[in-house]
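Asker: First the structure, then my questions, so here it is.
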Amino acid sequence: MSPNPCAWHYLAPFVDMAPVRDDDWSDSDEENLAEVETSVLLGVPDGPVDIDSDLNDVAVSRIGGHPAFLTATEPPFSSSECKVCGNPMELLVQMWCPFEDSPMDRALYIWGCPRVGCQGQEGTVRAWRALRFNEKYAAKLQKKLERQKAKAQTKVESQVAKANPFASKGNAISAPNPFGLGAQIFGQASPPPFQSDVTDGNADEGDSGSESDEDDDSASEKSLLTAISTVSIADSAWKSSPAYPPLYLSTISEYLPAQAKPKVPSTAEVVDPAGKDGSWLSEAYENSMNTDQAFDRFSQRVEAEPEQCVRYELHGTPLPFSSSDAVFKKLFAAPDGPPPAVTKAAFTVVHPQKRTFDPAAVPPCPVCRSKRVFECQLMPNLINVLRPKESEPRKQTDEERRKAVEEALKRGNKDQRGSMEWGTCMVFSCEKDCCFDDETKEESKFTWREEVVLIQWDS
């Protein structure tokens, strides 16, 4: 696999794509089952970053290394400090992930602390969201939105003309518009800035008038993907901070083996929140003490693609590592009240309760008060990828050994650098991707904002 430095550009179109599903599967179809593509993007390591210009390019997503920043001024170095020990942490991943149809360049940075004494505590993995207004891309978007607006208006006028096929042309012009409300909506001065092409795809079909504009857009796309860092960290504390060797982070789609409808007891059934039959894609969990369904499903997803280091699904559902900790119980709260009972002639059947993901359990954005939504999570293979390779220890002198023992006895082993012990780290970010100045609270062209990380520990 060759390095793909721009692989994380424009992730948003994937979040609205419904996965391919077939609810008519049966055991007799098993020999014809194909893989199912989910709406999740997987981040996988793709070789060392050995090009200097890539290290300074914010659009190059990476594992490890030093950060490349978007903001006009260098972010506070304290952003990378562990909230437990206060030491600077290593960068785990940096992802280039602008929202679709947004004029803002966007990157996500996640740091983690490997110190032994910090494992199992909050504040040892931190995530920051950086935004920068892209004037060139904003102009491109404006042209695109104007074309969409014109197409929508034409469509509405066409519908109006068809509303009364027996009316004369004169009456059609002078009569009140029966679709007045729709015309106002489509004719608003400022269409929603995050409107997706996916939802308006039919309006583009058969429209050859905008082909040249779209060709121009495609021609300029390559130049817009390069986002060289606004700030140089060559002479700052960031450059001297601890860092893992940098690796390219590329994306692939997630494919899972299709599952036949299981013939299992109701106590083992996993049901989709929308009421459909259980499958790989279900995200509801039984309130059961028999097995850890969350861990079983987590393991199955990892087995399908062991190289995955990041799972990205904006507005999606996190994949919990375990159902036994406070994070799971917070995000997947048990239903209120006792489970409904179905009474039959000789006995009463009590259906097991289902837990489904509740985004409201995550604190809202403290700046704009919008809700936070799931964006991505770190996977255990990232720890393996970042783990330093074992090397032959250098032979110490007697004096060096004595000092090492004294130092260890003095502070214990809590500051010793070891392996991170989390099972997964879930990142939740502002749904509106707000960009406000911290002091004036007014809209800004740059922002540097910490987002929520919930950690499930491997213990």
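For the structure tokens, the naming scheme is as follows: chains receive sequential letters (A, B, ...) according to their order of presentation, residues are indexed from 1 within each chain, and ligands are indexed from 1 in presentation order.
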Quick one: residues within 12 Å of Phe133 in chain A, only C-alpha atoms counted, chain neighbours fewer than 2 positions away excluded, as number ranges by chain?

Answerer: A: 70-72, 98, 102-106, 130-131, 135-139, 227, 230, 434-436, 443-447

Asker: Need to verify the contact set: Glu421 in chain A, 9 Å, only C-alpha atoms, exclusion of same-chain residues closer than 2 positions in sequence. Can you return it as a ChimeraX atom specification?

Answerer: /A:114,116,119-120,380,383,419,423,457-459

Asker: Could you name the residues that touch Lys371 in chain A at 9 Å or less, counting only C-alpha atoms, but leaving out those on the same chain fewer than 6 positions away, as a ChimeraX atom specification?

Answerer: /A:359-360,362-365,429-432

Asker: For range 237-246 of chain A, please output as a PyMOL selection string all residues within 9 Å (counting only C-alpha atoms; exclusion window: fewer than 3 positions along the same chain).

Answerer: chain A and resi 47-50+55+62-67+77+88-92+233-234+386-388

Asker: Counting only C-alpha atoms, what is within 9 Å of Ser253 in chain A, bar same-chain residues fewer than 6 positions away, as a list of chain:residue names?

Answerer: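 Listing them by chain and then by number gives A:Glu37, A:Thr38, A:Ser39, A:Val40, A:Leu41, A:Leu42, A:Gly43.
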
Asker: Report, in Å to a single decimal, how far apart CA of Phe374 in chain A and CA of Tyr285 in chain A are.

Answerer: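 Between CA of Tyr285 in chain A and CA of Phe374 in chain A the gap is 17.9 Å.
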
Asker: Let's see if you can do this: from backbone DSSP, list all strand (DSSP E or B) residues in range 38-150 of chain A, as a CSV table (one decimal) with C-alpha atoms, in the first residue's frame.

Answerer:
```csv
chain,number,residue,atom,x,y,z
A,38,THR,CA,-20.4,-0.5,6.7
A,39,SER,CA,-20.4,3.3,7.0
A,40,VAL,CA,-17.2,3.2,9.0
A,41,LEU,CA,-13.8,4.3,7.7
A,42,LEU,CA,-10.8,2.6,9.1
A,43,GLY,CA,-7.4,4.2,9.7
A,44,VAL,CA,-4.5,1.9,9.1
A,45,PRO,CA,-0.7,2.5,9.2
A,46,ASP,CA,0.8,3.0,5.8
A,47,GLY,CA,4.6,3.2,6.2
A,48,PRO,CA,7.0,5.7,7.6
A,57,ASP,CA,1.6,19.4,5.7
A,62,ARG,CA,-0.3,10.5,10.6
A,63,ILE,CA,0.4,8.2,13.5
A,81,GLU,CA,0.2,17.9,28.8
A,88,PRO,CA,4.0,16.5,27.8
A,90,GLU,CA,3.2,12.0,22.7
A,91,LEU,CA,1.0,12.6,19.6
A,92,LEU,CA,-0.9,9.5,18.9
A,93,VAL,CA,-2.7,10.5,15.7
A,94,GLN,CA,-3.3,13.6,13.7
A,95,MET,CA,-6.2,13.4,11.2
A,96,TRP,CA,-7.1,15.7,8.3
A,104,MET,CA,-13.0,25.5,7.1
A,105,ASP,CA,-9.9,23.4,7.0
A,106,ARG,CA,-10.1,21.0,9.9
A,107,ALA,CA,-7.7,18.7,11.7
A,108,LEU,CA,-8.0,16.5,14.8
A,109,TYR,CA,-5.1,15.9,17.2
A,110,ILE,CA,-5.0,13.2,19.9
A,111,TRP,CA,-2.2,12.9,22.5
A,112,GLY,CA,-1.8,10.1,25.0
A,115,ARG,CA,3.5,6.6,31.9
A,125,VAL,CA,-5.7,11.0,26.5
A,126,ARG,CA,-6.7,14.4,25.1
A,127,ALA,CA,-8.2,15.5,21.7
A,128,TRP,CA,-8.1,18.9,20.1
A,129,ARG,CA,-10.0,20.3,17.1
A,130,ALA,CA,-8.3,22.9,14.9
A,131,LEU,CA,-10.1,25.0,12.3
A,132,ARG,CA,-8.9,27.5,9.7
A,133,PHE,CA,-11.0,29.5,7.2
```

Asker: Smallest atom-to-atom distance to Ala304 in chain A: which of A:Asp52, A:Asp325, A:Glu254, A:Asp336, using only C-alpha atoms?

Answerer: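 Ranking A:Asp52, A:Asp325, A:Glu254, A:Asp336 by distance to Ala304 in chain A, first place goes to A:Glu254.
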
Asker: Do you know which residues are at most 10 Å from Asn384 in chain A counting only C-alpha atoms, after dropping those on the same chain fewer than 5 positions away, and could you put them as a list of chain:residue names?

Answerer: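 With the cut-off at 10 Å, the set is A:Glu307, A:Cys309, A:Met379, A:Lys389, A:Ser419, A:Met420.
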
Asker: Which neighbours of Cys376 in chain A fall inside 9 Å, counting only C-alpha atoms, when residues of the same chain fewer than 3 positions from it are skipped, and could you give them as a PyMOL selection string?

Answerer: chain A and resi 310-314+316+318+425-428

Asker: Given only C-alpha atoms as the basis, pick out the residue of A:Val385, A:Ala334, A:Ile455, A:Leu256 nearest to Glu35 in chain A.

Answerer: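 Under the stated criterion, the closest residue is A:Leu256.
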
Asker: Could you write out, as a PyMOL selection string, all the residues of range 48-84 of chain A that DSSP marks as alpha helix (DSSP H)?

Answerer: chain A and resi 52-55

Asker: Selection from above, N, CA and C atoms, as a tab-separated table (two decimals), in the first residue's frame, can you write it?

Answerer:
```tsv
chain	number	residue	atom	x	y	z
A	52	ASP	N	10.08	15.41	4.24
A	52	ASP	CA	9.98	16.57	5.13
A	52	ASP	C	8.73	17.40	4.85
A	53	SER	N	8.40	17.60	3.59
A	53	SER	CA	7.24	18.43	3.26
A	53	SER	C	5.95	17.80	3.78
A	54	ASP	N	5.89	16.47	3.84
A	54	ASP	CA	4.70	15.81	4.38
A	54	ASP	C	4.58	16.03	5.88
A	55	LEU	N	5.71	16.11	6.56
A	55	LEU	CA	5.68	16.34	8.00
A	55	LEU	C	5.10	17.71	8.33
```
